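Worksheet for the structure shown next.
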Amino acid sequence: MKLTKEILDKVRNIEGFPLGKDEDIIALSDPPYYTACPNPFIGEFIEKYGTSYDESTDEYNVEPYTADVSEGKNDPIYNAHSYHTKVPHKAIMRYILHYTKPGDIVFDGFCGTGMTGVAAAMCENPDEDFKIKLEQEARQEGKTIEWGARRAVLCDLSPAATFIAYNYNTPVDVEEFEKEAKRILQEVEDECGWMYETNHTINGTSQLSIDGKPMKGRINYTVWSDVFLCPNCMEEMIFWNIAVNKKTGKVMDKFHCPHCGLLTDKRNVEKAKVTIYDKALGKMIEQVKQVPVMINYSVGRKRFEKTPDEEDLKLLQKIEEMDIPYWYPTDEIKKGDKTGEPLRIGITHAHHFYTKRNLWVLSAIYHETTEVCNDRAKRHLSFLFTSIFSRTHKMNRYMPNHNRHVGPLAGTLYIPSLPTEINPINIWKDKINSFLRAESLTLNNFITTQSTADLKINNNSIDYIFTDPPFGANLMYSELNFLWEAWLKVFTNNESEAVINKTQGKGLLEYQRIMEKCFKEMYRILKPGRWMTIEFHNTKNSVWNVIQEATLKAGFIIATVKTLDKKKGTVNQMSYSMTAKQDLIISAYKPKDRFVQDFVRQAGTEEGVWNFVRQHLERLPVTLESGGRLDVIPERQNYLLYDSMVAYHIQRGATVPMGAADFYQGLKQRFPERDGMYFLPDQVSKYEQKRMELELNEQVSFLILDEKTAIQWLRQELSKGPKTYQDIQPKFLQELKQLRHENMPELGDLLQESFLQDEKGRWYVPDTSKQSDLEKLRERRLLKDFEEYKTGRGKLRYFRTEAVRAGFKDCWSKKDYNTIVKIGERLPESVLQEDTTLLMYYDNALTRLGD
């Protein structure tokens, strides 16, 4: 199966087709399993390895995976190649083993480095310790594990990502790889080794070898420094000399000009610049001036440090005056949200990210891997080549307080004031050894480079989806992958990139629309009754809500939300206080066709409500354990069951046929209740058996942010027994963290509207029949407040959110979509985007008006 220009023409209009010459796309590809464009052989792959779906004979019935997963990153496979974000393959294996059986097809629509594919394949041959660990856990739960490989279809918009994924997911001829990698090491060492030699000096004195010649050391890395201009005397100041305390390693915030003595700081000085002739571009360019200030080198096994001497500066000048005899990328950096920093200091093209000698070595390695090696070895060695990129450019930082260099600042293209030039020959040598420690897969997974919004996969053909989608504005993949893709000669088509990016003109709404298209495609290709796991991390609730909304709008039903601990935060995670340290895991399922068809017929009726609840309870976990105790499953409680039912109706344009109180009363009449949770009759015995064995954890308390959470908190408190106002108030005030915009009633009014008092003046939770009457009275008061909002003008700054929710619900039942949109546009954007109920009504009202 060959990839030709004629075949490319057939897939060229598929969304996400990359930017690059046809010959470069073909050269990068390895059909049929991997193409650096939409893969034209995807249908044949699924036809060969997939199984057909027939609902009448389908017996698949799996609960959501509910264990909290924590897997470290200290694994040779995981560490073989860096990327902006990755989920450890061992964590993904747990989900795949739970949801699938050997031979099933797993899909990942935002595959990144392809860890989902690695996990699918490693189910056949896991490392022994991990296998023993999982089997012990399974035995404790009374389960068995079906070991055996699963096949994976991996998709990503980025050619850099799919190239890395291809190499992770393709068998390697280890002997051939090692032989060629070491041959290249020797070739490059012979040609460029002299560029990383320095005279061994002690206390400024050059050391001589036995033959009387200067003893040579091997440079490990060179620290460079920004040069500033004193705002007073305009003389040059080398940052390393004036701001770094060499004894303590502390970098001082303020420093003195060595020429005039002025005390200043980085904010009040300008960077010195130099004008040089760029041979690659054929023109003069201006860049920020940086000079070498410290060399770390080795003589034998010992390491030393020195200030660059005259010979070192002569060596650098000699290299600058020479021409690199090989190709290297000179692509121009496009303006973007993350490219402002390099552009500001004169780094405008790909080759500017490297010192001359590092660029020479990289181009020599590239020449050897692409021009000399055979095709299969070529791609795996190119993988080794791209794996060293992150340690060879000017974005690597030197940390004086640790007396060592560290990697780039994650998620940025930041050039530090003390960049580190690391010897790439040493890195290549180290990477060979680390690659050889990583276990190679024994089968091919399938990789396509395109948008997930336009998949050429048949309906109902995928058995399970695990995906880690882009999270809003956290990472700009197309910008951050620029250097990788410049060397690969194929670039991301970012038109359908799912990000929040000012330069691309994409806000939260555009991000949501792209994610909706992607999830709709994933819904279409997934077999009914099967599961999708979404691993997601973001610093903002608004983006998290958008992901949930997009998931629901696609047709999925969310069963549970759990956490995944990656055991290592990115720099962004460790820097921003609003960032959660753990990643969220959504477990969502595609309902069976029969249920969907029945719902269309029953939409807006009580029958439709209870059919939804029955099939939803069937999908929820029956028991959940942690720390040797049973946990309450919130998704089985009445208020979350109600929210799920309402969401399913709204997303399908249906009228919600009952209020919360009538729903709660109907639940009690139709379904067994245990510990505040509702079950199907055939689930109760399993729960009761566990309940006899284990104690129940107390329900987790939550903050009171608004009227809705206040009522939930009061219901939880009063369910333990009747309490007076005086009993409730101190604890209520302790938990109250009222949102700034929230016009929340006083505690006494909240109790009066939603609860009843006994003869002793104690408040208690009413039974469901009386609760319905209370709710109707409260809803009238809320709608009265909403009428006031309708007659007003301008932005709503301070309002009763429950009144807006009730008003939106009432407008939806009357198909008054205009009012929902008008009021929604008057709400603060942060409130609309961070309140799942308001966003759901507003977004669906917009859709209805559009229809």
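Residues are referred to by chain and number: the chain letter is A, B, ... according to the order shown in the structure tokens, the number counts from 1 in that chain, and ligands are numbered separately from 1 in the order shown.
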Who sits within 12 Å of Asp767 of chain A, only C-alpha atoms, same chain under 6 positions skipped, as a list in words: Ala661, Asp662, Tyr664, Gln665, Lys668, Arg715, Ser719, Ser754, Phe755, Leu756, Asp773 and Leu774 of chain A
Please produce an output containing N, CA and C atoms for each residue in the selection, written as a JSON list (two decimals), in the first residue's frame.
[["chain", "number", "residue", "atom", "x", "y", "z"],
["A", 661, "ALA", "N", -39.04, 18.31, 42.88],
["A", 661, "ALA", "CA", -39.76, 17.65, 43.98],
["A", 661, "ALA", "C", -40.59, 16.47, 43.47],
["A", 662, "ASP", "N", -41.29, 16.66, 42.34],
["A", 662, "ASP", "CA", -42.06, 15.55, 41.76],
["A", 662, "ASP", "C", -41.13, 14.42, 41.32],
["A", 664, "TYR", "N", -38.20, 13.71, 42.73],
["A", 664, "TYR", "CA", -37.74, 13.03, 43.95],
["A", 664, "TYR", "C", -38.82, 12.08, 44.48],
["A", 665, "GLN", "N", -40.07, 12.51, 44.43],
["A", 665, "GLN", "CA", -41.17, 11.68, 44.90],
["A", 665, "GLN", "C", -41.31, 10.43, 44.02],
["A", 668, "LYS", "N", -38.62, 7.81, 44.82],
["A", 668, "LYS", "CA", -38.93, 7.01, 46.02],
["A", 668, "LYS", "C", -39.97, 5.94, 45.74],
["A", 715, "ARG", "N", -29.87, 20.44, 53.23],
["A", 715, "ARG", "CA", -30.54, 19.14, 53.13],
["A", 715, "ARG", "C", -29.64, 18.03, 53.71],
["A", 719, "SER", "N", -30.70, 16.07, 57.09],
["A", 719, "SER", "CA", -30.99, 14.64, 56.92],
["A", 719, "SER", "C", -30.45, 13.83, 58.10],
["A", 754, "SER", "N", -37.72, 26.15, 51.76],
["A", 754, "SER", "CA", -37.46, 24.78, 51.30],
["A", 754, "SER", "C", -37.59, 23.71, 52.38],
["A", 755, "PHE", "N", -37.83, 24.12, 53.66],
["A", 755, "PHE", "CA", -37.89, 23.12, 54.74],
["A", 755, "PHE", "C", -39.09, 23.40, 55.66],
["A", 756, "LEU", "N", -39.36, 22.49, 56.57],
["A", 756, "LEU", "CA", -40.48, 22.64, 57.50],
["A", 756, "LEU", "C", -39.98, 22.65, 58.94],
["A", 773, "ASP", "N", -45.09, 20.78, 47.19],
["A", 773, "ASP", "CA", -45.83, 22.03, 47.40],
["A", 773, "ASP", "C", -44.89, 23.18, 47.70],
["A", 774, "LEU", "N", -43.88, 22.91, 48.54],
["A", 774, "LEU", "CA", -42.91, 23.96, 48.87],
["A", 774, "LEU", "C", -42.16, 24.43, 47.63]]
Polymer residues at most 6 Å from Thr492 of chain A, only C-alpha atoms, same-chain spacing of 5 or more positions, as a list in words: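 Those residues are Pro18, Ser158 and Ser478 of chain A.
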For the residues in that selection, give me N, CA, C and O atoms as a PDB file, in the first residue's frame.
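Saved file part28.pdb follows:
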ATOM      1  N   PRO A  18      -2.536  18.512   6.643  1.00  0.00           N
ATOM      2  CA  PRO A  18      -1.420  19.351   7.109  1.00  0.00           C
ATOM      3  C   PRO A  18      -0.851  20.258   6.022  1.00  0.00           C
ATOM      4  O   PRO A  18      -1.157  20.108   4.833  1.00  0.00           O
ATOM      5  N   SER A 158      -1.563  17.337  14.775  1.00  0.00           N
ATOM      6  CA  SER A 158      -0.160  17.731  14.643  1.00  0.00           C
ATOM      7  C   SER A 158       0.693  16.644  13.991  1.00  0.00           C
ATOM      8  O   SER A 158       0.760  15.522  14.502  1.00  0.00           O
ATOM      9  N   SER A 478       0.161  23.891  18.128  1.00  0.00           N
ATOM     10  CA  SER A 478       0.692  24.200  16.798  1.00  0.00           C
ATOM     11  C   SER A 478       1.872  25.159  16.879  1.00  0.00           C
ATOM     12  O   SER A 478       2.795  25.090  16.071  1.00  0.00           O
TER      13      SER A 478
END
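Checking A:Pro672, A:Pro730, A:Pro470, A:Gly300 one by one against Cys111 of chain A, counting only C-alpha atoms, you find the shortest gap at A:Pro470.
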Near-segment 742-749 of chain A list (10 Å; only C-alpha atoms; drop same-chain fewer than 3 positions) as an NGL selection string: :A and (705-708 or 710-711 or 714 or 725 or 728-729 or 732-733 or 738-739 or 752-755 or 797-803 or 831)
Distance query Ala486 of chain A at most 10 Å, only C-alpha atoms, self and fewer than 2 positions along chain excluded, as number ranges by chain: A: 160, 328-333, 349-351, 481-484, 488-491
Contact residues around Ala119 of chain A with only C-alpha atoms at 8 Å, ignoring same-chain residues under 5 positions, as a list in words: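 The residues that qualify are His89, Lys90, Ile92, Met93 and Ile96 of chain A.
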Within 8 Å of Pro214 of chain A using only C-alpha atoms, minus same-chain residues under 3 positions, as number ranges by chain: A: 199-200, 206-209
Same residues, C-alpha atoms, saved as a PDB file, in the first residue's frame:
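result_19.pdb was written with the following content:
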ATOM      1  CA  ASN A 199      41.538  23.792  27.427  1.00  0.00           C
ATOM      2  CA  HIS A 200      41.576  22.305  30.900  1.00  0.00           C
ATOM      3  CA  SER A 206      46.057  25.938  31.446  1.00  0.00           C
ATOM      4  CA  GLN A 207      47.008  22.352  32.322  1.00  0.00           C
ATOM      5  CA  LEU A 208      49.485  20.541  30.084  1.00  0.00           C
ATOM      6  CA  SER A 209      49.452  16.907  29.045  1.00  0.00           C
TER       7      SER A 209
END
Selection near Lys335 of chain A, 12 Å with only C-alpha atoms, sequence-local residues under 2 positions removed, as a short mmCIF file (atom, residue, chain, number, x, y, z; two decimals) with N, CA, C and O atoms, in the first residue's frame:
data_model
loop_
_atom_site.label_atom_id
_atom_site.label_comp_id
_atom_site.auth_asym_id
_atom_site.auth_seq_id
_atom_site.Cartn_x
_atom_site.Cartn_y
_atom_site.Cartn_z
N GLU A 332 10.07 30.67 8.82
CA GLU A 332 9.77 31.85 9.62
C GLU A 332 8.72 31.52 10.68
O GLU A 332 7.76 30.79 10.43
N ILE A 333 8.92 32.09 11.87
CA ILE A 333 7.95 31.91 12.96
C ILE A 333 6.74 32.78 12.68
O ILE A 333 6.87 33.97 12.41
N ASP A 337 0.07 33.38 19.97
CA ASP A 337 -0.03 33.73 21.39
C ASP A 337 1.23 33.40 22.17
O ASP A 337 1.51 34.02 23.20
N LYS A 338 2.01 32.41 21.72
CA LYS A 338 3.21 31.98 22.44
C LYS A 338 4.51 32.41 21.74
O LYS A 338 5.59 32.13 22.26
N THR A 339 4.42 33.03 20.57
CA THR A 339 5.64 33.33 19.82
C THR A 339 6.14 34.76 20.04
O THR A 339 7.16 35.16 19.49
N GLY A 340 5.42 35.53 20.85
CA GLY A 340 5.81 36.93 21.07
C GLY A 340 7.18 37.07 21.69
O GLY A 340 7.95 37.95 21.31
N GLU A 341 7.53 36.18 22.64
CA GLU A 341 8.81 36.29 23.34
C GLU A 341 10.01 36.11 22.40
O GLU A 341 10.89 36.96 22.36
N PRO A 342 10.09 35.04 21.60
CA PRO A 342 11.23 34.93 20.68
C PRO A 342 11.26 36.03 19.63
O PRO A 342 12.34 36.56 19.30
N LEU A 343 10.10 36.40 19.10
CA LEU A 343 10.07 37.46 18.09
C LEU A 343 10.57 38.78 18.66
O LEU A 343 11.25 39.55 17.97
N ARG A 344 10.26 39.03 19.92
CA ARG A 344 10.65 40.29 20.57
C ARG A 344 12.16 40.44 20.67
O ARG A 344 12.69 41.56 20.66
N ILE A 347 14.51 36.49 17.46
CA ILE A 347 14.48 35.11 16.99
C ILE A 347 13.25 34.96 16.11
O ILE A 347 12.13 34.78 16.60
N THR A 348 13.44 35.06 14.81
CA THR A 348 12.33 35.14 13.87
C THR A 348 12.19 33.90 12.99
O THR A 348 11.18 33.74 12.31
N HIS A 349 13.23 33.03 12.97
CA HIS A 349 13.22 31.85 12.12
C HIS A 349 13.70 30.63 12.91
O HIS A 349 14.37 30.78 13.95
N SER A 478 0.16 23.89 18.13
CA SER A 478 0.69 24.20 16.80
C SER A 478 1.87 25.16 16.88
O SER A 478 2.79 25.09 16.07
N GLU A 479 1.87 26.05 17.87
CA GLU A 479 2.99 26.98 18.05
C GLU A 479 4.16 26.29 18.74
O GLU A 479 5.32 26.46 18.35
N PHE A 482 6.34 23.96 16.58
CA PHE A 482 6.94 24.58 15.40
C PHE A 482 8.33 24.02 15.08
O PHE A 482 8.63 23.68 13.93
N ASN A 501 -7.28 30.94 21.52
CA ASN A 501 -6.08 31.59 21.01
C ASN A 501 -6.47 32.92 20.36
O ASN A 501 -7.20 32.94 19.37
N LYS A 502 -5.99 34.02 20.93
CA LYS A 502 -6.35 35.35 20.42
C LYS A 502 -5.88 35.55 18.99
O LYS A 502 -6.58 36.12 18.15
N THR A 503 -4.66 35.10 18.69
CA THR A 503 -4.10 35.29 17.36
C THR A 503 -4.94 34.56 16.31
O THR A 503 -5.15 35.07 15.20
N GLN A 504 -5.42 33.38 16.64
CA GLN A 504 -6.25 32.61 15.72
C GLN A 504 -7.71 33.07 15.74
O GLN A 504 -8.53 32.56 14.97
#
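Within segment 353-431 of chain A, DSSP applied to the backbone places the following residues in strand (DSSP E or B): Arg397, Tyr398, Met399, Arg404, His405, Val406, Pro419, Thr420, Glu421 and Ile422 of chain A.
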Okay, now the selection with N, CA and C atoms, as a CSV table (one decimal), in the first residue's frame?
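Saved result, selection-v2.csv, follows:
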chain,number,residue,atom,x,y,z
A,397,ARG,N,17.3,26.3,30.4
A,397,ARG,CA,17.7,27.3,31.4
A,397,ARG,C,18.8,26.9,32.3
A,398,TYR,N,19.6,27.8,32.8
A,398,TYR,CA,20.6,27.5,33.8
A,398,TYR,C,20.1,28.1,35.1
A,399,MET,N,20.1,27.2,36.2
A,399,MET,CA,19.6,27.6,37.5
A,399,MET,C,20.8,27.7,38.5
A,404,ARG,N,23.0,23.9,38.1
A,404,ARG,CA,22.8,22.9,37.0
A,404,ARG,C,21.8,23.5,36.0
A,405,HIS,N,21.8,22.9,34.8
A,405,HIS,CA,20.8,23.3,33.8
A,405,HIS,C,19.6,22.5,33.9
A,406,VAL,N,18.5,23.2,33.5
A,406,VAL,CA,17.2,22.5,33.5
A,406,VAL,C,16.5,22.7,32.1
A,419,PRO,N,20.6,31.2,29.1
A,419,PRO,CA,20.3,30.0,28.4
A,419,PRO,C,21.5,29.0,28.5
A,420,THR,N,21.2,27.8,28.3
A,420,THR,CA,22.3,26.7,28.4
A,420,THR,C,22.4,26.0,27.0
A,421,GLU,N,23.6,26.0,26.5
A,421,GLU,CA,23.9,25.3,25.2
A,421,GLU,C,24.5,23.9,25.6
A,422,ILE,N,23.7,22.9,25.4
A,422,ILE,CA,24.1,21.6,25.8
A,422,ILE,C,24.7,20.8,24.6
